[in-house]
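S.K.: Quick one: this structure, given as structure tokens, is what I'll be asking you about.
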Amino acid sequence: MAAPALPELREAVWRANLALAAAGLVTLSFGNASGLDAASGVLLIKPSGVPYAELRPEHLVAVAIDDGHVVGGGLRPSSDTPTHVALYRRYPEIGGVVHTHSTAAASWAQACRAIPPLGTTHADHFRGPIPVTRQLRADEVAGDYELATGEVIVETLEGLRLSASDMPAALVASHGPFTWGPDARGAVDNAIALEAVAAMASRTFALAPDAVEIAAYLLERHFQRKHGPAAYYGQAAGNVDTDPGRTAGPATGRDPGGDSRGGAA
Ligand SMILES: [Zn+2]
């Protein structure tokens with residue numbers, strides 16, 4: 001199978017990876033963003049171990065999601081690629097996947113605790129508690145570990161009857177967060193939102209250990225005004241031709257609040 005050109009996707013996934021680093025969600029070279037070309041069934045992902053400062057669009061590795069084999073690029077793909085592949089295979093509606101070890105979200109993953117919805121920032125992005133997976137068994141870790149990581153995320157969402165669009169994030173127990181979205185940048189935005197929500201939840205419980213969840217009707221109002229069929233938050237498509245989060249250079253990822261869709265409500 002010849003390597004697909006995918007020039008626009010390559011640029012978008014490269015920028016998404018840089019935005020992840022610029023947003024402060026990456027430690028050393030941990031973390032990766034991928035984007036899918038649904039027509040060809042090929043994803044582009046960060047190569048394994050390449051520092052973000054040295055990452056160029058041509059370094060991204062093309063991988064077919066039907067069999068997980070590299071179809072383009074001279075470098076080895078991120079070791080987490082099988083996890084991304086498992087998510088794309090199960091959820092055709094997603095076009096981007098992100099994994100980080102961002103501090104606040106990874107802390108909840110290490111605590112093996114789901115993040116309860118405590119306020120509207122959470123409700124704007126996640127329709128309910130952000131789930132945590134079960135611990136992987138020894139045989140899963142000894143076998144195809146990264147694929148098992150993807151499968152345990154799917155198992156967790158299915159067990160809770162959550163759709164990938166209602167819940168674009170999960171915490172892998174004792175590990176860290178995965179997020180996804182309609183494209184690579186959308187998955188990055190959800191990683192930024194998740195980190196903010198995780199940090200807020202930790203502080204909220206420090207201030208008030210008995211803090212209660214946001215009212216269901218307020219959560220629904222906030223989620224639906226951004227994501228439901230009657231969404232009205234932000235500007236209608238085509239009415240605004242400048243979106244700093246998507247059209248400017250990768251450095252814009254530095255300000256999580258700068259994305260027009262992520263602003264305070
Ligand atoms: Zn990891």
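Ordering of the structure tokens sets the chain letters (A, B, ...), residue numbers begin anew at 1 in every chain, and ligands are numbered from 1 in the order given.
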I need the helix (DSSP H, G or I) residues of stretch 26-206 of chain A per DSSP on the backbone, written as a PyMOL selection string.

M.R.: chain A and resi 52-54+57-59+81-90+103-110+120-125+138-142+145-159+184-206

S.K.: Which residues form the shell of 10 Å around ligand 1 when you count only C-alpha atoms and all ligand atoms, given as a PyMOL selection string?

M.R.: chain A and resi 30-32+79-80+99-102+106+146+149+172+174-178

S.K.: I need the residues of stretch 47-174 of chain A that end up classed as strand (DSSP E) by DSSP on the backbone, written out as a PyMOL selection string.

M.R.: chain A and resi 61-64+70-72+96-99+169-172

S.K.: When you look at A:Val70 with a cut-off of 12 Å (counting only C-alpha atoms), what residues show up, excluding the ones that are within fewer than 6 positions of it in the same chain? I need them as a PyMOL selection string.

M.R.: chain A and resi 1-4+42-45+47+60-64+76-78+81-82+85

S.K.: Would you please work out which residue, of A:Gly150, A:Pro209, A:Gly234, A:Pro92, is nearest to A:Ser165 when using only C-alpha atoms?

M.R.: A:Pro92

S.K.: Would you pick out the contacts of stretch 26-29 of chain A at 6 Å or less, using only C-alpha atoms, so that residues sharing its chain but fewer than 5 positions from it are not included, and give the list as a list in words?

M.R.: Ala21, Gly49 and Pro51 of chain A

S.K.: For atom CA of A:Val132 and atom CA of A:Ile192, determine how far apart the two atoms are, in Å to one decimal place.

M.R.: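 Computed distance, atom CA of A:Val132 to atom CA of A:Ile192, equals 17.7 Å.
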
S.K.: Between A:Gly72, A:Pro116, A:Pro129, A:Pro57, which is the closest to A:Glu8 once you count only C-alpha atoms?

M.R.: A:Pro57

S.K.: Restricting the calculation to only C-alpha atoms: of A:Ile153, A:Ala206, A:Ala187, A:Ile130, which residue gets closest to A:Ala19?

M.R.: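 Looking only at the distances to A:Ala19, the closest residue turns out to be A:Ala187.
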
S.K.: Using only C-alpha atoms, can you tell me which of A:Ser107, A:Thr83, A:Gln135, A:Ser40 comes closest to A:Ala199?

M.R.: A:Ser107

S.K.: Would you please work out which residue, of A:Ala53, A:Leu219, A:Leu6, A:Gly186, is nearest to A:Ala22 when using only C-alpha atoms?

M.R.: A:Ala53

S.K.: Between A:Arg127, A:Arg56, A:Arg15, A:His222, which has the minimum distance to A:Ser163 (counting only C-alpha atoms)?

M.R.: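 Looking at the shortest contact to A:Ser163, the residue is A:Arg127.
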
S.K.: So which residues touch A:Asp166 within 9 Å, counting only C-alpha atoms, skipping near sequence neighbours fewer than 4 positions away, as a list in words?

M.R.: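 With the cut-off at 9 Å, the set is His125, Phe126, Arg127, Gly128, Leu162, Phe223 and His227 of chain A.
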
S.K.: Quick check, in Å to one decimal: how far apart do atom CA of A:Tyr232 and atom CA of A:His122 lie?

M.R.: 17.7 Å

S.K.: Mind pulling up the distance from atom CA of A:His59 to atom CA of A:Ala196?

M.R.: 29.8 Å

S.K.: List as an MDAnalysis selection string the protein and nucleic acid residues near A:Ala216, meaning an atom at most 10 Å away when only C-alpha atoms are counted, but skip any in the same chain fewer than 2 places from it.

M.R.: chainID A and resid 117 123 127:128 213:214 218:221
